[in-house]
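Engineer: What follows is coords.cif, mmCIF, C-alpha atoms (C1' of nucleotides).
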data_entry
loop_
_atom_site.label_atom_id
_atom_site.label_comp_id
_atom_site.auth_asym_id
_atom_site.auth_seq_id
_atom_site.Cartn_x
_atom_site.Cartn_y
_atom_site.Cartn_z
CA MET A 8 -5.36 27.27 21.98
CA SER A 9 -6.43 23.68 21.56
CA GLU A 10 -8.61 24.39 18.55
CA GLU A 11 -6.67 23.89 15.34
CA HIS A 12 -7.71 24.44 11.78
CA LEU A 13 -8.92 21.15 10.43
CA SER A 14 -7.59 22.16 7.04
CA GLU A 15 -4.13 22.77 8.45
CA GLU A 16 -3.11 19.27 7.55
CA TYR A 17 0.31 18.00 6.87
CA LEU A 18 1.43 17.60 3.31
CA LEU A 19 2.15 13.94 3.78
CA GLU A 20 -1.27 13.26 5.27
CA SER A 21 -2.97 14.96 2.33
CA PHE A 22 -0.94 12.81 0.05
CA PHE A 23 -1.82 9.64 1.96
CA HIS A 24 -5.49 10.37 1.69
CA LEU A 25 -5.30 10.75 -2.04
CA MET A 26 -3.22 7.59 -2.20
CA LEU A 27 -5.89 5.65 -0.35
CA ALA A 28 -8.67 6.95 -2.55
CA VAL A 29 -6.81 6.06 -5.74
CA LYS A 30 -6.00 2.60 -4.45
CA ARG A 31 -9.65 1.98 -3.69
CA GLN A 32 -10.58 3.01 -7.20
CA LEU A 33 -8.09 0.62 -8.71
CA HIS A 34 -9.31 -2.12 -6.46
CA GLN A 35 -12.86 -1.58 -7.68
CA GLN A 36 -11.56 -1.53 -11.22
CA ALA A 37 -9.96 -4.93 -10.71
CA GLU A 38 -13.19 -6.31 -9.30
CA GLN A 39 -15.28 -5.01 -12.16
CA LEU A 40 -13.14 -6.89 -14.64
CA ASP A 41 -14.25 -10.20 -13.21
CA LEU A 42 -10.86 -11.80 -13.70
CA GLU A 43 -8.67 -13.44 -11.12
CA VAL A 44 -6.40 -10.44 -10.93
CA THR A 45 -5.39 -7.75 -8.49
CA PRO A 46 -4.61 -4.08 -9.14
CA MET A 47 -0.93 -4.92 -9.40
CA HIS A 48 -1.54 -7.45 -12.14
CA LEU A 49 -3.39 -4.82 -14.08
CA ARG A 50 -0.58 -2.38 -13.71
CA VAL A 51 1.80 -4.97 -15.07
CA ILE A 52 -0.26 -5.87 -18.10
CA LYS A 53 -0.63 -2.20 -18.98
CA ILE A 54 3.12 -1.80 -18.86
CA ILE A 55 3.66 -4.90 -20.98
CA ASP A 56 1.22 -3.60 -23.54
CA ARG A 57 2.76 -0.17 -23.62
CA LYS A 58 6.41 -1.15 -23.75
CA GLN A 59 6.13 -4.20 -25.97
CA PRO A 60 8.38 -6.06 -26.37
CA CYS A 61 9.53 -6.05 -22.81
CA THR A 62 11.09 -8.44 -20.34
CA ALA A 63 10.48 -9.23 -16.69
CA ILE A 64 13.45 -7.09 -15.70
CA ASP A 65 12.09 -4.11 -17.62
CA ILE A 66 8.92 -4.34 -15.59
CA ALA A 67 10.72 -4.76 -12.29
CA SER A 68 12.84 -1.71 -12.96
CA PHE A 69 9.91 0.38 -14.17
CA LEU A 70 7.89 -0.53 -11.10
CA GLY A 71 10.94 -0.21 -8.89
CA ARG A 72 10.13 -3.53 -7.31
CA ASP A 73 11.61 -6.92 -6.64
CA LYS A 74 11.92 -9.29 -9.56
CA ALA A 75 10.52 -12.11 -7.45
CA GLN A 76 7.27 -10.25 -7.22
CA VAL A 77 7.28 -9.58 -10.93
CA THR A 78 7.84 -13.24 -11.74
CA ARG A 79 4.75 -14.16 -9.79
CA LEU A 80 2.63 -11.42 -11.29
CA ILE A 81 3.67 -12.53 -14.75
CA ASN A 82 2.92 -16.17 -14.04
CA ALA A 83 -0.57 -15.27 -12.95
CA LEU A 84 -1.13 -13.26 -16.11
CA ILE A 85 0.07 -16.19 -18.18
CA ASP A 86 -2.23 -18.58 -16.33
CA GLN A 87 -5.10 -16.32 -17.29
CA GLU A 88 -3.86 -16.22 -20.87
CA LEU A 89 -3.60 -12.47 -20.87
CA ILE A 90 0.05 -12.47 -21.84
CA SER A 91 2.50 -14.96 -23.28
CA LYS A 92 6.22 -15.49 -23.37
CA ALA A 93 8.35 -15.54 -26.49
CA PRO A 94 12.05 -16.26 -26.68
CA ASN A 95 14.26 -13.20 -26.59
CA PRO A 96 16.61 -13.56 -29.57
CA ASN A 97 19.25 -11.43 -27.86
CA ASP A 98 19.44 -13.40 -24.64
CA LYS A 99 18.53 -16.99 -24.01
CA ARG A 100 17.97 -16.36 -20.30
CA SER A 101 15.17 -13.91 -20.82
CA GLN A 102 11.83 -13.87 -22.56
CA TYR A 103 9.79 -11.23 -24.25
CA LEU A 104 6.38 -10.67 -22.76
CA LEU A 105 3.54 -10.09 -25.18
CA THR A 106 -0.12 -9.40 -24.67
CA THR A 107 -2.42 -12.04 -26.10
CA GLU A 108 -5.58 -11.19 -27.99
CA ARG A 109 -7.47 -11.49 -24.75
CA GLY A 110 -4.88 -9.35 -23.04
CA VAL A 111 -5.21 -6.59 -25.59
CA ALA A 112 -8.94 -6.49 -25.05
CA VAL A 113 -8.43 -6.20 -21.31
CA VAL A 114 -5.90 -3.42 -21.72
CA GLU A 115 -8.27 -1.47 -23.92
CA GLU A 116 -10.96 -1.81 -21.31
CA LEU A 117 -8.47 -0.78 -18.64
CA ASN A 118 -7.43 2.34 -20.47
CA ARG A 119 -11.04 3.38 -20.70
CA MET A 120 -11.48 2.75 -16.98
CA ASP A 121 -8.30 4.63 -16.11
CA GLU A 122 -9.40 7.62 -18.10
CA CYS A 123 -12.67 7.51 -16.24
CA ILE A 124 -10.89 7.45 -12.88
CA VAL A 125 -8.68 10.37 -13.84
CA GLN A 126 -11.74 12.26 -15.03
CA ARG A 127 -13.46 11.81 -11.71
CA MET A 128 -10.33 12.55 -9.78
CA THR A 129 -9.65 15.81 -11.58
CA LYS A 130 -13.26 16.93 -11.60
CA GLY A 131 -13.40 20.68 -11.09
CA LEU A 132 -9.74 21.10 -11.99
CA GLN A 133 -8.45 23.14 -14.88
CA PRO A 134 -6.39 21.18 -17.40
CA SER A 135 -3.52 23.44 -16.37
CA GLU A 136 -3.94 22.38 -12.76
CA ARG A 137 -4.00 18.75 -13.72
CA ALA A 138 -0.81 19.22 -15.67
CA GLU A 139 0.74 21.12 -12.81
CA PHE A 140 -0.05 18.35 -10.38
CA GLN A 141 1.55 15.81 -12.63
CA ARG A 142 4.58 18.03 -13.16
CA LEU A 143 5.04 18.45 -9.40
CA ALA A 144 4.54 14.77 -8.70
CA ARG A 145 7.19 13.86 -11.24
CA LEU A 146 9.52 16.50 -9.91
CA MET A 147 9.19 15.29 -6.34
CA ALA A 148 9.60 11.65 -7.28
CA GLY A 149 12.76 12.71 -9.07
CA ASN A 150 14.02 14.45 -5.97
CA PHE A 151 14.11 11.15 -4.15
CA GLN A 152 15.50 9.08 -6.99
CA GLY A 153 18.96 10.55 -6.86
CA GLU A 154 19.72 9.45 -3.35
CA GLU A 155 18.75 5.82 -3.62
CA GLN A 156 21.61 3.40 -3.62
CA SER A 157 20.78 0.11 -5.30
CA MET B 27 5.97 5.79 -34.92
CA SER B 28 7.10 3.45 -32.18
CA GLU B 29 9.23 6.07 -30.43
CA GLU B 30 7.24 7.82 -27.74
CA HIS B 31 8.19 10.66 -25.48
CA LEU B 32 9.44 9.14 -22.28
CA SER B 33 8.03 12.10 -20.43
CA GLU B 34 4.58 11.54 -21.90
CA GLU B 35 3.58 9.51 -18.91
CA TYR B 36 0.18 8.94 -17.54
CA LEU B 37 -0.98 10.95 -14.58
CA LEU B 38 -1.61 7.83 -12.55
CA GLU B 39 1.85 6.44 -13.25
CA SER B 40 3.47 9.69 -12.15
CA PHE B 41 1.47 9.50 -9.00
CA PHE B 42 2.47 5.88 -8.39
CA HIS B 43 6.11 6.70 -8.69
CA LEU B 44 5.87 9.39 -6.10
CA MET B 45 3.86 7.04 -3.91
CA LEU B 46 6.60 4.44 -4.05
CA ALA B 47 9.33 6.95 -3.26
CA VAL B 48 7.46 8.30 -0.26
CA LYS B 49 6.77 4.81 1.03
CA ARG B 50 10.44 3.94 0.82
CA GLN B 51 11.31 7.04 2.79
CA LEU B 52 8.89 6.16 5.53
CA HIS B 53 10.21 2.65 5.60
CA GLN B 54 13.72 3.94 6.14
CA GLN B 55 12.40 6.25 8.79
CA ALA B 56 10.91 3.32 10.66
CA GLU B 57 14.19 1.43 10.46
CA GLN B 58 16.22 4.34 11.73
CA LEU B 59 14.11 4.49 14.86
CA ASP B 60 15.33 1.10 15.96
CA LEU B 61 11.98 0.13 17.42
CA GLU B 62 9.85 -2.86 16.56
CA VAL B 63 7.51 -0.79 14.46
CA THR B 64 6.45 -0.39 10.86
CA PRO B 65 5.55 2.79 8.97
CA MET B 66 1.90 2.22 9.75
CA HIS B 67 2.56 2.12 13.48
CA LEU B 68 4.32 5.44 13.21
CA ARG B 69 1.43 6.95 11.35
CA VAL B 70 -0.89 5.81 14.10
CA ILE B 71 1.16 7.17 16.96
CA LYS B 72 1.43 10.53 15.22
CA ILE B 73 -2.33 10.64 14.91
CA ILE B 74 -2.82 9.68 18.55
CA ASP B 75 -0.45 12.40 19.62
CA ARG B 76 -2.07 15.01 17.44
CA LYS B 77 -5.71 14.24 18.23
CA GLN B 78 -5.37 13.39 21.91
CA PRO B 79 -7.55 12.22 23.44
CA CYS B 80 -8.66 9.86 20.74
CA THR B 81 -10.15 6.39 20.46
CA ALA B 82 -9.47 3.42 18.21
CA ILE B 83 -12.47 4.29 16.10
CA ASP B 84 -11.23 7.84 15.58
CA ILE B 85 -8.05 6.42 14.15
CA ALA B 86 -9.80 3.89 11.96
CA SER B 87 -12.01 6.58 10.49
CA PHE B 88 -9.16 9.02 10.00
CA LEU B 89 -7.08 6.38 8.26
CA GLY B 90 -10.10 5.09 6.40
CA ARG B 91 -9.20 1.56 7.39
CA ASP B 92 -10.59 -1.48 9.13
CA LYS B 93 -10.84 -1.36 12.90
CA ALA B 94 -9.33 -4.84 13.13
CA GLN B 95 -6.12 -3.49 11.70
CA VAL B 96 -6.21 -0.54 14.06
CA THR B 97 -6.66 -2.80 17.09
CA ARG B 98 -3.50 -4.68 16.15
CA LEU B 99 -1.48 -1.57 15.48
CA ILE B 100 -2.54 -0.17 18.84
CA ASN B 101 -1.67 -3.37 20.67
CA ALA B 102 1.82 -3.31 19.23
CA LEU B 103 2.28 0.31 20.30
CA ILE B 104 1.14 -0.57 23.81
CA ASP B 105 3.53 -3.53 23.93
CA GLN B 106 6.33 -1.11 23.15
CA GLU B 107 5.03 1.28 25.80
CA LEU B 108 4.67 4.10 23.32
CA ILE B 109 1.00 4.62 24.10
CA SER B 110 -1.40 3.62 26.86
CA LYS B 111 -5.13 3.16 27.30
CA ALA B 112 -7.26 5.11 29.72
CA PRO B 113 -10.96 4.57 30.38
CA ASN B 114 -13.23 6.78 28.33
CA PRO B 115 -15.62 8.37 30.86
CA ASN B 116 -18.31 8.79 28.22
CA ASP B 117 -18.40 5.21 27.03
CA LYS B 118 -17.36 2.06 28.86
CA ARG B 119 -16.80 0.16 25.63
CA SER B 120 -14.07 2.43 24.39
CA GLN B 121 -10.76 3.71 25.68
CA TYR B 122 -8.80 6.85 25.23
CA LEU B 123 -5.39 6.40 23.70
CA LEU B 124 -2.60 8.50 25.12
CA THR B 125 1.06 8.78 24.24
CA THR B 126 3.42 7.81 27.03
CA GLU B 127 6.54 9.80 27.86
CA ARG B 128 8.47 7.50 25.59
CA GLY B 129 5.84 7.90 22.93
CA VAL B 130 6.06 11.66 23.05
CA ALA B 131 9.80 11.49 22.54
CA VAL B 132 9.31 9.25 19.51
CA VAL B 133 6.70 11.54 18.04
CA GLU B 134 8.99 14.52 18.39
CA GLU B 135 11.71 12.64 16.62
CA LEU B 136 9.21 11.61 13.96
CA ASN B 137 8.08 15.14 13.33
CA ARG B 138 11.65 16.17 12.76
CA MET B 139 12.15 13.29 10.36
CA ASP B 140 8.92 14.04 8.52
CA GLU B 141 9.91 17.63 8.04
CA CYS B 142 13.19 16.41 6.66
CA ILE B 143 11.44 14.13 4.18
CA VAL B 144 9.15 16.90 3.03
CA GLN B 145 12.14 19.20 2.64
CA ARG B 146 13.90 16.75 0.40
CA MET B 147 10.77 15.94 -1.49
CA THR B 148 9.99 19.58 -2.24
CA LYS B 149 13.57 20.53 -3.00
CA GLY B 150 13.60 23.05 -5.82
CA LEU B 151 9.91 23.84 -5.39
CA GLN B 152 8.55 27.23 -4.52
CA PRO B 153 6.51 27.33 -1.31
CA SER B 154 3.60 28.31 -3.52
CA GLU B 155 4.08 25.16 -5.59
CA ARG B 156 4.24 23.03 -2.49
CA ALA B 157 1.01 24.60 -1.28
CA GLU B 158 -0.55 24.12 -4.69
CA PHE B 159 0.33 20.45 -4.72
CA GLN B 160 -1.23 19.97 -1.33
CA ARG B 161 -4.32 21.88 -2.36
CA LEU B 162 -4.76 19.77 -5.48
CA ALA B 163 -4.15 16.52 -3.61
CA ARG B 164 -6.79 17.43 -1.08
CA LEU B 165 -9.20 18.50 -3.77
CA MET B 166 -8.80 15.28 -5.70
CA ALA B 167 -9.10 13.11 -2.61
CA GLY B 168 -12.31 15.01 -1.90
CA ASN B 169 -13.59 14.26 -5.40
CA PHE B 170 -13.57 10.57 -4.60
CA GLN B 171 -14.91 10.82 -1.09
CA GLY B 172 -18.43 11.79 -2.11
CA GLU B 173 -19.13 8.63 -4.05
CA GLU B 174 -18.09 6.11 -1.46
CA GLN B 175 -20.87 4.15 0.17
CA SER B 176 -19.95 2.82 3.61
"C1'" DA C 24 -38.47 -0.62 31.51
"C1'" DA C 25 -37.60 -4.36 28.08
"C1'" DA C 26 -36.52 -5.53 23.37
"C1'" DA C 27 -34.16 -4.24 19.27
"C1'" DA C 28 -30.71 -2.09 16.87
"C1'" DG C 29 -26.39 0.08 16.71
"C1'" DT C 30 -21.52 0.97 18.17
"C1'" DA C 31 -16.51 0.06 20.20
"C1'" DG C 32 -13.34 -3.15 20.13
"C1'" DT C 33 -11.29 -7.91 19.78
"C1'" DT C 34 -10.06 -12.18 17.47
"C1'" DG C 35 -9.37 -15.55 13.61
"C1'" DA C 36 -8.66 -16.39 9.01
"C1'" DC C 37 -6.98 -14.90 4.90
"C1'" DA C 38 -5.63 -12.04 0.61
"C1'" DA C 39 -2.44 -8.77 -1.44
"C1'" DA C 40 1.87 -6.49 -1.76
"C1'" DA C 41 6.53 -6.64 -0.99
"C1'" DT C 42 11.16 -8.11 0.26
"C1'" DC C 43 15.15 -11.23 1.17
"C1'" DA C 44 18.07 -15.02 0.28
"C1'" DA C 45 19.41 -18.84 -2.31
"C1'" DC C 46 19.65 -20.75 -6.53
"C1'" DC C 47 20.28 -21.94 -11.92
"C1'" DA C 48 21.52 -20.80 -16.46
"C1'" DA C 49 23.27 -17.80 -19.71
"C1'" DA C 50 26.13 -13.58 -20.78
"C1'" DA C 51 29.82 -10.38 -20.17
"C1'" DA C 52 34.14 -9.15 -18.39
"C1'" DC C 53 38.71 -10.25 -17.25
"C1'" DG D 9 38.53 -19.83 -19.72
"C1'" DT D 10 37.51 -18.81 -15.28
"C1'" DT D 11 35.15 -15.17 -12.76
"C1'" DT D 12 31.54 -12.11 -12.29
"C1'" DT D 13 27.29 -10.23 -13.55
"C1'" DT D 14 22.63 -10.58 -15.06
"C1'" DG D 15 17.73 -12.64 -16.01
"C1'" DG D 16 14.73 -15.29 -13.86
"C1'" DT D 17 12.67 -18.69 -10.47
"C1'" DT D 18 11.42 -20.52 -5.89
"C1'" DG D 19 10.78 -20.55 -0.81
"C1'" DA D 20 10.10 -18.16 3.30
"C1'" DT D 21 8.57 -14.23 5.63
"C1'" DT D 22 6.78 -9.39 6.62
"C1'" DT D 23 3.58 -5.71 6.11
"C1'" DT D 24 -0.77 -4.10 4.97
"C1'" DG D 25 -5.44 -4.74 4.60
"C1'" DT D 26 -10.14 -7.00 4.56
"C1'" DC D 27 -14.14 -9.87 6.08
"C1'" DA D 28 -16.84 -12.20 9.36
"C1'" DA D 29 -18.05 -13.44 13.84
"C1'" DC D 30 -18.25 -12.27 18.46
"C1'" DT D 31 -18.55 -9.66 23.24
"C1'" DA D 32 -19.92 -5.89 25.75
"C1'" DC D 33 -21.89 -1.70 26.21
"C1'" DT D 34 -25.25 2.29 24.30
"C1'" DT D 35 -28.97 4.16 22.06
"C1'" DT D 36 -33.42 3.84 20.10
"C1'" DT D 37 -37.89 2.06 19.87
"C1'" DT D 38 -41.95 0.66 21.63
#
So, in terms of structure tokens, how does the structure I just supplied come out?

Structural biologist:
Amino acid sequence: MSEEHLSEEYLLESFFHLMLAVKRQLHQQAEQLDLEVTPMHLRVIKIIDRKQPCTAIDIASFLGRDKAQVTRLINALIDQELISKAPNPNDKRSQYLLTTERGVAVVEELNRMDECIVQRMTKGLQPSERAEFQRLARLMAGNFQGEEQS
Amino acid sequence: MSEEHLSEEYLLESFFHLMLAVKRQLHQQAEQLDLEVTPMHLRVIKIIDRKQPCTAIDIASFLGRDKAQVTRLINALIDQELISKAPNPNDKRSQYLLTTERGVAVVEELNRMDECIVQRMTKGLQPSERAEFQRLARLMAGNFQGEEQS
DNA sequence: AAAAAGTAGTTGACAAAATCAACCAAAAAC
DNA sequence: GTTTTTGGTTGATTTTGTCAACTACTTTTT
């Protein structure tokens, strides 16, 4: 009566545990790089590299986060000379964000590390299962998106 | 050449997006309760309720987090009279954590809300898909667990 | 049984992640 | 040609999380 299946865990708790593990991995990743950056900075520089040319607002909307936070993340990346600003010809208020030479090198390293993390994470999974997980994650994230009022 | 599939997103990014959406939901949940608590407090009281009797260390190890943080979360829950401490007969250093009457009511409300969140999140998914997602999440979290040195 | 080592929990200090509100300058809408 | 919206910055604050030091009690070792 009081003995429950340990495996009978709630969906959200399972998700939290994976969340924690992934966060730890990214934290380690940031430490290994030996730069003055946090996991969030790394996420931002990857986005900048991928979506070049992109603006601060693009990043904020992709991350779904406050632009104040993005401004500070960007400033830190500029201080470390991993990215730079260039005038946006279409809008004098905004600037294009570009990865510097140094930044590109970091991103390449990061992509290698990310692949490594995903490899470890999906160890023992079929490629089809990996794809299925991603499909479901995207689907569920989409389920929430509709109902959010900005 | 420069036009990429928008859907060709990285596994980790998909996961992050879901993470963000879930976090927002829990944040709203905490606000709706109209108590002086944060999502993390709610997670803790649910654990206390589920694993009763349990100690601070049990919670820290289940959450995988620092005991300092747990101490503070617990103190806040006690201030709000949602949980209480009772002496642990097996060990004078530690205390059992128990939900108060008020705490039990909150947990019941929380379970309803959680179920609601999961419902919305898994809208359009087959029960088998929901189970599959959970299975994969648990499997992947397990893949990381092995390699962590305490 | 006494010393050493380990464990439960608390406290202080601090870093990281995130949000809110107020603000400026430029752009778009009217 | 004002008004409103948008891109971005800054300041203040909250939430989450970690590290280190410490107390008090337990367990292990000798």

Engineer: On this structure, the PyMOL selection byres ((chain C and resi 53) around 9) would catch which residues? List them as a JSON list (two decimals) with C-alpha atoms (C1' of nucleotides), in the frame of the given file, sorted by chain and number.

Structural biologist:
[["chain", "number", "residue", "atom", "x", "y", "z"],
["C", 52, "DA", "C1'", 34.14, -9.15, -18.39],
["D", 10, "DT", "C1'", 37.51, -18.81, -15.28],
["D", 11, "DT", "C1'", 35.15, -15.17, -12.76],
["D", 12, "DT", "C1'", 31.54, -12.11, -12.29]]

Engineer: Can you turn the PyMOL selection byres ((chain A and resi 53) around 10) into a concrete residue list for this file, as a compact mmCIF listing (two decimals) with C-alpha atoms, keeping the file's coordinate frame?

Structural biologist:
# COMPACT_ATOMS: atom_id res chain seq x y z
CA MET A 47 -0.93 -4.92 -9.40
CA HIS A 48 -1.54 -7.45 -12.14
CA LEU A 49 -3.39 -4.82 -14.08
CA ARG A 50 -0.58 -2.38 -13.71
CA VAL A 51 1.80 -4.97 -15.07
CA ILE A 52 -0.26 -5.87 -18.10
CA ILE A 54 3.12 -1.80 -18.86
CA ILE A 55 3.66 -4.90 -20.98
CA ASP A 56 1.22 -3.60 -23.54
CA ARG A 57 2.76 -0.17 -23.62
CA LYS A 58 6.41 -1.15 -23.75
CA GLN A 59 6.13 -4.20 -25.97
CA THR A 106 -0.12 -9.40 -24.67
CA GLY A 110 -4.88 -9.35 -23.04
CA VAL A 111 -5.21 -6.59 -25.59
CA VAL A 113 -8.43 -6.20 -21.31
CA VAL A 114 -5.90 -3.42 -21.72
CA GLU A 115 -8.27 -1.47 -23.92
CA LEU A 117 -8.47 -0.78 -18.64
CA ASN A 118 -7.43 2.34 -20.47

Engineer: If we count only C-alpha atoms (C1' of nucleotides) and set the cut-off at 9 Å, which residues sit around Ser91 in chain A, ignoring sequence neighbours fewer than 2 positions away in its own chain? Please answer as a PyMOL selection string.

Structural biologist: chain A and resi 81+84-85+88-89+93+103-107

Engineer: Residue by residue, what does the PyMOL selection byres ((chain B and resi 117) around 12) grab here? Present the result as a list in words.

Structural biologist: Thr81, Ala112, Pro113, Asn114, Pro115, Asn116, Lys118, Arg119, Ser120, Gln121 and Tyr122 of chain B; DT30, DA31 and DG32 of chain C; DA32, DC33, DT34 and DT35 of chain D

Engineer: Expressed in Å to a single decimal, how great is the separation between CA of Glu43 in chain A and CA of Gln87 in chain A?

Structural biologist: 7.7 Å

Engineer: What does the distance between CA of Glu141 in chain B and CA of Leu162 in chain B come to in Å, to one decimal place?

Structural biologist: 20.1 Å

Engineer: Please measure the separation of CA of Ser135 in chain A and CA of Asn169 in chain B, giving the value in Å to one decimal.

Structural biologist: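 CA of Ser135 in chain A sits 17.5 Å away from CA of Asn169 in chain B.
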
Engineer: Can you work out which residues from chain A touch chain B at a cut-off of 6 Å (counting only C-alpha atoms) and hand them back as a list of chain:residue names?

Structural biologist: A:Leu18, A:Ser21, A:Leu25, A:Met128, A:Thr129, A:Gln141, A:Arg145, A:Met147, A:Ala148, A:Asn150

Engineer: Starting from 3 Å padding per side, set up an axis-aligned box that covers all listed atoms of range 25-38 of chain C and hand over centre and edge lengths in Å, one decimal, as JSON.

Structural biologist:
{"center_x": -21.6, "center_y": -7.7, "center_z": 14.3, "size_x": 38.0, "size_y": 23.4, "size_z": 33.5}

Engineer: So which one's closest to chain B, C:DT34, C:DA28, C:DA48, C:DC43? Using all atoms listed in the file, please.

Structural biologist: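 Ranking C:DT34, C:DA28, C:DA48, C:DC43 by distance to chain B, first place goes to C:DT34.
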
Engineer: Any idea which chain C residues end up within 12 Å of chain A if we count all atoms listed in the file, as a list of chain:residue names please?

Structural biologist: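 Written out as asked, the residues are C:DA38, C:DA39, C:DA40, C:DA41, C:DT42, C:DC43, C:DA44, C:DC47, C:DA48, C:DA49, C:DA50, C:DA51.
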
Engineer: Any idea what's packed within 12 Å of DC37 in chain C, counting only C-alpha atoms (C1' of nucleotides), ignoring anything in its chain fewer than 6 positions away? Could you give it as a ChimeraX atom specification?

Structural biologist: /D:25-28

Engineer: Keeping only C-alpha atoms (C1' of nucleotides), write those residues as a compact mmCIF listing (two decimals), in the frame of the given file.

Structural biologist:
# COMPACT_ATOMS: atom_id res chain seq x y z
C1' DG D 25 -5.44 -4.74 4.60
C1' DT D 26 -10.14 -7.00 4.56
C1' DC D 27 -14.14 -9.87 6.08
C1' DA D 28 -16.84 -12.20 9.36

Engineer: Please, which residues of chain D lie no more than 10 Å from chain A when the count uses all atoms listed in the file, and can they be set out as a ChimeraX atom specification?

Structural biologist: /D:14-18

Engineer: Only N, CA and C atoms (P, O5', C5', C4', C3', O3' and C1' of nucleotides), as a compact mmCIF listing (two decimals), in the first residue's frame: that is what I want for range 13-27 of chain D.

Structural biologist:
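part-v8.txt written:
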# COMPACT_ATOMS: atom_id res chain seq x y z
P DT D 13 0.95 52.02 -30.19
O5' DT D 13 2.23 51.34 -30.88
C5' DT D 13 2.31 51.31 -32.32
C4' DT D 13 3.72 50.97 -32.75
C3' DT D 13 4.36 49.82 -31.96
O3' DT D 13 4.76 48.84 -32.91
C1' DT D 13 5.86 51.64 -32.16
P DT D 14 5.43 47.47 -32.49
O5' DT D 14 6.98 47.80 -32.64
C5' DT D 14 7.49 48.17 -33.92
C4' DT D 14 8.98 48.44 -33.81
C3' DT D 14 9.76 47.34 -33.07
O3' DT D 14 10.88 47.01 -33.87
C1' DT D 14 10.27 49.47 -32.18
P DG D 15 11.91 45.91 -33.41
O5' DG D 15 13.16 46.80 -33.01
C5' DG D 15 14.02 47.32 -34.03
C4' DG D 15 15.31 47.80 -33.40
C3' DG D 15 16.06 46.73 -32.60
O3' DG D 15 17.44 46.84 -32.88
C1' DG D 15 15.49 48.55 -31.18
P DG D 16 18.48 45.85 -32.19
O5' DG D 16 18.79 46.62 -30.84
C5' DG D 16 19.48 47.87 -30.92
C4' DG D 16 19.55 48.51 -29.55
C3' DG D 16 20.23 47.68 -28.47
O3' DG D 16 21.55 48.20 -28.29
C1' DG D 16 18.36 48.95 -27.68
P DT D 17 22.50 47.60 -27.18
O5' DT D 17 22.22 48.53 -25.91
C5' DT D 17 22.36 49.94 -26.04
C4' DT D 17 22.02 50.62 -24.73
C3' DT D 17 22.71 50.04 -23.49
O3' DT D 17 23.54 51.05 -22.93
C1' DT D 17 20.39 50.42 -23.10
P DT D 18 24.47 50.71 -21.68
O5' DT D 18 23.54 50.99 -20.42
C5' DT D 18 23.01 52.30 -20.21
C4' DT D 18 22.18 52.32 -18.95
C3' DT D 18 22.82 51.61 -17.74
O3' DT D 18 22.90 52.55 -16.68
C1' DT D 18 20.57 50.93 -18.04
P DG D 19 23.53 52.15 -15.28
O5' DG D 19 22.21 51.85 -14.42
C5' DG D 19 21.21 52.85 -14.27
C4' DG D 19 20.18 52.39 -13.25
C3' DG D 19 20.77 51.66 -12.04
O3' DG D 19 20.09 52.10 -10.86
C1' DG D 19 19.21 50.26 -13.14
P DA D 20 20.48 51.49 -9.43
O5' DA D 20 19.24 50.54 -9.13
C5' DA D 20 17.91 50.97 -9.43
C4' DA D 20 16.93 49.85 -9.11
C3' DA D 20 17.33 49.01 -7.89
O3' DA D 20 16.17 48.76 -7.12
C1' DA D 20 17.05 47.61 -9.77
P DT D 21 16.28 47.99 -5.70
O5' DT D 21 15.67 46.56 -6.05
C5' DT D 21 14.50 46.47 -6.86
C4' DT D 21 14.22 45.03 -7.24
C3' DT D 21 14.54 44.01 -6.14
O3' DT D 21 13.39 43.23 -5.90
C1' DT D 21 15.45 43.33 -8.21
P DT D 22 13.34 42.11 -4.72
O5' DT D 22 13.07 40.78 -5.57
C5' DT D 22 12.23 40.83 -6.72
C4' DT D 22 12.24 39.50 -7.44
C3' DT D 22 12.33 38.28 -6.52
O3' DT D 22 11.45 37.29 -7.03
C1' DT D 22 14.12 38.25 -8.06
P DT D 23 11.04 35.98 -6.24
O5' DT D 23 11.83 34.84 -7.02
C5' DT D 23 11.75 34.77 -8.42
C4' DT D 23 12.75 33.78 -8.95
C3' DT D 23 12.92 32.52 -8.08
O3' DT D 23 12.74 31.42 -8.95
C1' DT D 23 15.03 33.47 -8.60
P DT D 24 12.76 29.93 -8.44
O5' DT D 24 14.26 29.49 -8.75
C5' DT D 24 14.73 29.58 -10.07
C4' DT D 24 16.22 29.26 -10.09
C3' DT D 24 16.60 28.01 -9.29
O3' DT D 24 17.19 27.10 -10.20
C1' DT D 24 18.09 29.81 -8.88
P DG D 25 17.67 25.65 -9.73
O5' DG D 25 19.16 25.93 -9.26
C5' DG D 25 20.14 26.25 -10.25
C4' DG D 25 21.43 26.63 -9.56
C3' DG D 25 21.95 25.58 -8.59
O3' DG D 25 23.06 24.92 -9.15
C1' DG D 25 22.22 27.79 -7.78
P DT D 26 23.77 23.74 -8.29
O5' DT D 26 25.14 24.43 -7.86
C5' DT D 26 25.80 25.32 -8.74
C4' DT D 26 26.91 26.02 -7.98
C3' DT D 26 27.68 25.09 -7.05
O3' DT D 26 29.06 25.14 -7.40
C1' DT D 26 27.04 27.09 -5.93
P DC D 27 30.08 24.07 -6.79
O5' DC D 27 30.93 24.89 -5.72
C5' DC D 27 31.31 26.23 -6.03
C4' DC D 27 31.94 26.88 -4.81
C3' DC D 27 32.66 25.90 -3.87
O3' DC D 27 33.90 26.47 -3.48
C1' DC D 27 31.05 27.17 -2.68
